[in-house]
Amino acid sequence: MRLHLLEVAAFGPYRGRETVDFDALGADGLFLLHGDTGAGKTTLLDAVAFALFGTVPGARGQVKRLRCDLAGPDDATEVVLELTVQGQRLRLSRSPEYQRPKRRGEGTTTQQAKAVLRWVGEPPAGQPAEGLTRIDEVGRTVERLLGMSAAQFFQVVLLPQGEFARFLRADTDEREKLLEKLFGTKRFADVEAWFRERRTEQRRKLEEQRQDQQVLTARFAQVAGEDVPEEDVADWVMRTGERIRTALEQAQNREQHAQATREVTEKVLAERRAAADRVRRVRAAHQRLSVLAEQKEERDRWADELRAARRAATVVGVAAQAERCVKQLDEARRAEARHAEALTATGFADAEADTDQLRRLSGRLREEAGALAGLVAEAEQQDRDRRDIERFGDTATGARAQARLLGEKLAGIPERARELRERLDAAIDAEAKLGDKREREAELVTAVQDAACLPAALRAASDADASAREAIDRHQEARERFLELRRWRLDGMAAELASRLTPDSPCPVCGSGDHPAPALTRPEAVSPEQEQAAEDAESRAEGHRKTAEAAKYDAEKKLAALRERLRGRDGEQLNAELSALREEIAGLDALAKQRARLAKLFEATEAEHRDLEEKRSKELQTATAAETQRGTLTARVEERARRLDEARGEHPDVGARRNHLAGIVAALDALAEARSATRNAGEQLERQRAEVRKALQRAGFGTTEEMRAAARDESTVRDLEKRLTEAGEAEAAARATLNEPELFGVAPDDEVDVESARAEAEAAREAAESAVAVRQSAAKQARDLGSLAERLAAATERLRPLEEEFAELDALTDVVNGRGQNARKMSLRSYVLAARLEEVAIAATARLQTMSQGRYSFVHSDAAGSHGTRGGLGLDVLDDFSGTIRPAKTLSGGESFLASLSLALGLADVVAAETGGSLLDTLFVDEGFGTLDSETLDVVMNILDELRAGGRVVGLVSHVEELRQRIPTRLRVRKSRTGSSLELQMA
């Protein structure tokens, strides 16, 4: 991962937009970030972390106050970071959530957090060309590309020494928490938790199974009526079952004997009860006959009364009918008198006429009234037609008035529709022009941005040109030096060969064993090591030259592209043109936004015009139709009025005359019917009186009074018949009982002993029921104990493997969690962390030995702590001067810094390998250099030189003055009352 560019705006102490060019800062591979305390050095590192992960490390990320307090209401808080990771260059833009003043009204509103990821160049396969804008998608993509979490990144790329100093002095628990954040051992903690949860679940199942076994054992003891023994429960269960089965057999034998005795006693009891019943029946029959003999005279009197009532019943109906005829004659006479008075009231003079005359007169008047029925209907229609004439007149008048109003409304609509049409056309034209105008606006915005970048591009091109010339000069010097040294070595090659000759050994050139005049070494002779060092220096200078030339080419290419896009225009011209264009766009946009409203208004106007035309036409049609119908009805009413005046005569109207005739006809008919009914009622009375005399003679009564004295009502007759029938049936039943064959020889005075047989049978029944209950109880007990014994055996079989499995799981859980047979008292998570710590100690030792000039080395210990506490995370220091191992807490301030820096660098290597070995091209080291002496600082700087020699860029965050003299490339942070600012310094 290599950083290229960082921009912060309204972030932390930076009020304006500040830019950090890491490509320029990292040209030498090492740069210094310095400034006054509180100026905002660490804030730049926070900005890098925030751009990548949306959060900042340490306590600063907990307060969530990233926005600059000096920022204006319209200043947007933003961090922009350009970097290359896994060969992909991307640009990240993030804004935190913060409160800003409302643009309208008072108070504040929440500005939501935003994140944007854009690809610089071709996007990776499967990624959208327009980039990502969702915060969660940006976070997942960045974490996948980096291969590490935010916590790991903070420790690997941002190396705050204070945390590692605390790490050196921390106890086991605190050190474990710090390592957990770095190495992601949650999965091992999950394994430990899984074992604990599994053991808890298995213990619960085991306890449930044991509880089931205990419940079954207690239930068995309860059914058996015994106490559970402390030992040998299985043998007790078997013995109890045998005892219960023996008791069951004995109960079954007792039950069989009791049932036999019960059957014998019940048979004797049944025989004696039958004999007693026969005596009872004979005695009851004799008693009934004796009672009936005493009631003979009374029964004869009932029979005579019943026969007389039956003779009177033949006459009662005929006499009653005669009485009803008398009443009907009286009612007919009274009705005749009432109808005669009603006829007289109608004004009819001949009310004494006979029935035939009345009927003939009624028929003549009915015909006359019938002739008037049609005229009555016409009179009713005449009234309805006159009302319709008035209604049609009102309808015609209202319709004419409504048509005039609608005509007035229609007069102004065409002009309004024309105006709306013109405005709608203008809005459509504005909408069509907006697309081109907005494209032009985007082009101008890009041009304005390019114009703003032009000065920086000019400086970058000039700086790159100067750097390239300097690199070329240095390379040329190094090459000349290398060629000069090679020439000198070639010149002194004979002396170099002569230095290797020994007496009597053959010369490697001529082969002679004599060496009369070997060449002498010259003062300017060059060794192979010097030649190789010069060649290496020339290679490095060539690499710097190529890098500088590539940077120059990139800067010139960017500058040419900017000038090509600007085409000679400056920022002032572009801004003026952009402002004018935006005013034009605003006017077109406002007009285009009215299109939908104007279209609706125009359609509504046209619809209103059509609706009013339709309504006006309908009103005119209604008025014409109403006037036509009114004229037709008026002529018809006048002609009908002449005929109705002739038909009503002296009455108010035809209906009144018809009703008068109908009343006379009804009175005549009623009087005729009443006189006919009176004559019929008198004739019927005479006939019924003759029937009564004949009925009295047939029934043997002289007068009606005798007949009434003998008559009885129906209930009395039924009661007499019932009493006589019951007495006869009782006598017949008693004699039938005495004549039954089974009662022959049975006397009413015989005695049978039933009570003693009943007592014996009851005693036998109780004994049998008791035996049955005992047998059933014994059988139920045997069944229950058998079932419980089977369930208890099955529960015991299920419990055995559970106990074995739990014992194994319990021991393994203790081992995984650092207890039990775990001699080191290390949990699985601690064991993994101890292995990681050992790797970190090995990697850090290589750094620490170099920094301490071979004196100190890290020593990792996995031994258990004192008093049985957990072990595995011990970290001490081996002092080579004394040969002793001592705690890291005893190191001095400068030594602690060296140890902390070594740990940080070692941890960076281990975590990088842990996350996939991705190359970390940019590192930051934060503070701690002020505790070092000059010699140690030289050693540390050499270590950092080794880091940058591998292609990395190392940034030191410090305010130590000596570092400013040692590091030529610096980024200074200045603070002021209006906010901090950045200044790039190149020596």
# chains A, B, ... in the order shown; residues from 1 in each chain; ligands from 1

$ select_by_dssp --residues "range 35-173 of chain A" --states "strand (DSSP E or B)" --output "VMD selection string"
chain A and resid 35 67 78 to 85 88 to 95 98 to 101 108 to 111 114 to 119 132 158 to 160

$ residues_around --residues "Thr19 in chain A" --least-positions-apart "2" --cutoff "12 Å" --atoms "only C-alpha atoms" --output "count of residues only"
28

$ closest_residue --among "A:Glu176, A:Glu740, A:Glu271, A:Asp784" --to "Met826 in chain A" --atoms "only C-alpha atoms"
A:Glu176

$ select_by_dssp --residues "range 783-841 of chain A" --states "helix (DSSP H, G or I)" --output "ChimeraX atom specification"
/A:783-816,828-841

$ residues_around --residues "range 421-434 of chain A" --least-positions-apart "3" --cutoff "12 Å" --atoms "only C-alpha atoms" --output "JSON, numbers by chain"
{"A": [414, 415, 416, 417, 418, 437, 438, 439, 440, 441, 581, 582, 584, 585, 586, 587, 588, 589, 590, 591, 592, 593, 594, 595, 596, 597, 598, 599, 600, 601, 602, 603, 604, 605, 606]}

$ write_last_selection --atoms "C-alpha atoms" --output "compact mmCIF listing (two decimals), in the first residue's frame"
# COMPACT_ATOMS: atom_id res chain seq x y z
CA PRO A 414 -60.57 30.91 -25.96
CA GLU A 415 -58.31 33.84 -25.05
CA ARG A 416 -57.20 32.16 -21.81
CA ALA A 417 -56.46 28.90 -23.65
CA ARG A 418 -54.31 30.76 -26.21
CA LYS A 437 -26.70 23.92 -20.93
CA ARG A 438 -26.00 21.48 -18.07
CA GLU A 439 -23.41 19.62 -20.14
CA ARG A 440 -21.76 22.98 -20.85
CA GLU A 441 -21.89 23.79 -17.11
CA LEU A 581 -24.31 30.23 -17.75
CA ARG A 582 -25.65 29.31 -14.33
CA GLU A 584 -29.26 31.27 -17.70
CA ILE A 585 -29.70 27.68 -16.45
CA ALA A 586 -31.56 28.94 -13.36
CA GLY A 587 -34.01 30.88 -15.57
CA LEU A 588 -34.52 27.92 -17.91
CA ASP A 589 -34.91 25.54 -15.00
CA ALA A 590 -37.54 27.72 -13.33
CA LEU A 591 -39.44 27.93 -16.63
CA ALA A 592 -39.10 24.19 -17.33
CA LYS A 593 -40.45 23.31 -13.89
CA GLN A 594 -43.74 25.04 -14.87
CA ARG A 595 -44.33 22.66 -17.79
CA ALA A 596 -46.34 20.05 -15.90
CA ARG A 597 -48.47 22.69 -14.17
CA LEU A 598 -49.13 24.60 -17.43
CA ALA A 599 -49.97 21.39 -19.28
CA LYS A 600 -52.54 20.51 -16.62
CA LEU A 601 -54.01 24.04 -16.74
CA PHE A 602 -54.25 23.96 -20.55
CA GLU A 603 -55.95 20.55 -20.55
CA ALA A 604 -58.30 21.70 -17.80
CA THR A 605 -59.22 24.84 -19.82
CA GLU A 606 -60.01 22.84 -22.94

$ residues_around --residues "range 120-135 of chain A" --least-positions-apart "4" --cutoff "7 Å" --atoms "only C-alpha atoms" --output "compact mmCIF listing (two decimals) with C-alpha atoms, in the first residue's frame"
# COMPACT_ATOMS: atom_id res chain seq x y z
CA ARG A 89 -5.03 3.24 -7.67
CA LEU A 90 -8.14 4.61 -6.01
CA ARG A 91 -9.45 7.89 -4.61
CA LYS A 114 -20.84 10.22 3.12
CA ALA A 115 -18.22 8.00 1.49
CA VAL A 116 -17.17 7.78 -2.18
CA GLY A 139 -15.71 -0.06 3.96

$ residues_around --residues "range 396-405 of chain A" --least-positions-apart "4" --cutoff "9 Å" --atoms "only C-alpha atoms" --output "list in words"
Arg391, Phe392, Lys409, Leu410, Lys615, Arg616, Ser617, Lys618, Glu619, Leu620, Gln621, Thr622, Ala623, Thr624, Ala625, Ala626 and Glu627 of chain A

$ residues_around --residues "range 700-709 of chain A" --least-positions-apart "2" --cutoff "10 Å" --atoms "only C-alpha atoms" --output "PyMOL selection string"
chain A and resi 308-309+311-316+319+692-693+695-698+711-712

$ closest_residue --among "A:Ala782, A:Leu83, A:Glu208, A:Ser756" --to "Phe220 in chain A" --atoms "only C-alpha atoms"
A:Ala782

$ atom_distance --atom1 "CA of Arg640 in chain A" --atom2 "CA of Gln381 in chain A"
9.7 Å

$ residues_around --residues "range 34-43 of chain A" --least-positions-apart "3" --cutoff "7 Å" --atoms "only C-alpha atoms" --output "mmCIF file with N, CA and C atoms, in the first residue's frame"
data_model
loop_
_atom_site.group_PDB
_atom_site.id
_atom_site.type_symbol
_atom_site.label_atom_id
_atom_site.label_comp_id
_atom_site.auth_asym_id
_atom_site.auth_seq_id
_atom_site.Cartn_x
_atom_site.Cartn_y
_atom_site.Cartn_z
ATOM 1 N N GLY A 12 -10.560 18.602 11.993
ATOM 2 C CA GLY A 12 -9.661 18.841 13.121
ATOM 3 C C GLY A 12 -9.319 20.305 13.248
ATOM 4 N N PRO A 13 -8.025 20.641 13.352
ATOM 5 C CA PRO A 13 -7.637 22.065 13.457
ATOM 6 C C PRO A 13 -7.525 22.762 12.101
ATOM 7 N N ASP A 46 -4.755 10.727 11.645
ATOM 8 C CA ASP A 46 -6.183 10.425 11.841
ATOM 9 C C ASP A 46 -6.951 10.549 10.533
ATOM 10 N N ALA A 47 -6.595 11.555 9.719
ATOM 11 C CA ALA A 47 -7.286 11.751 8.447
ATOM 12 C C ALA A 47 -7.075 10.562 7.518
ATOM 13 N N VAL A 957 6.952 11.348 12.932
ATOM 14 C CA VAL A 957 6.168 12.420 13.541
ATOM 15 C C VAL A 957 6.888 12.813 14.824
ATOM 16 N N SER A 958 7.556 13.963 14.832
ATOM 17 C CA SER A 958 8.367 14.346 15.988
ATOM 18 C C SER A 958 8.649 15.834 15.951
ATOM 19 N N HIS A 959 8.944 16.380 17.113
ATOM 20 C CA HIS A 959 9.360 17.794 17.196
ATOM 21 C C HIS A 959 10.817 17.912 17.642
ATOM 22 N N LEU A 971 7.528 18.155 6.375
ATOM 23 C CA LEU A 971 6.196 18.751 6.270
ATOM 24 C C LEU A 971 5.913 19.429 7.608
ATOM 25 N N ARG A 972 5.866 20.761 7.570
ATOM 26 C CA ARG A 972 5.678 21.506 8.806
ATOM 27 C C ARG A 972 4.213 21.878 8.981
ATOM 28 N N VAL A 973 3.728 21.735 10.216
ATOM 29 C CA VAL A 973 2.352 22.103 10.566
ATOM 30 C C VAL A 973 2.419 23.366 11.408
ATOM 31 N N ARG A 974 1.784 24.412 10.893
ATOM 32 C CA ARG A 974 1.745 25.677 11.620
ATOM 33 C C ARG A 974 0.361 25.895 12.184
ATOM 34 N N LYS A 975 0.317 26.388 13.427
ATOM 35 C CA LYS A 975 -0.987 26.667 14.024
ATOM 36 C C LYS A 975 -1.176 28.161 14.208
ATOM 37 N N SER A 980 -4.938 25.659 11.522
ATOM 38 C CA SER A 980 -3.610 25.182 11.156
ATOM 39 C C SER A 980 -3.468 25.125 9.642
#
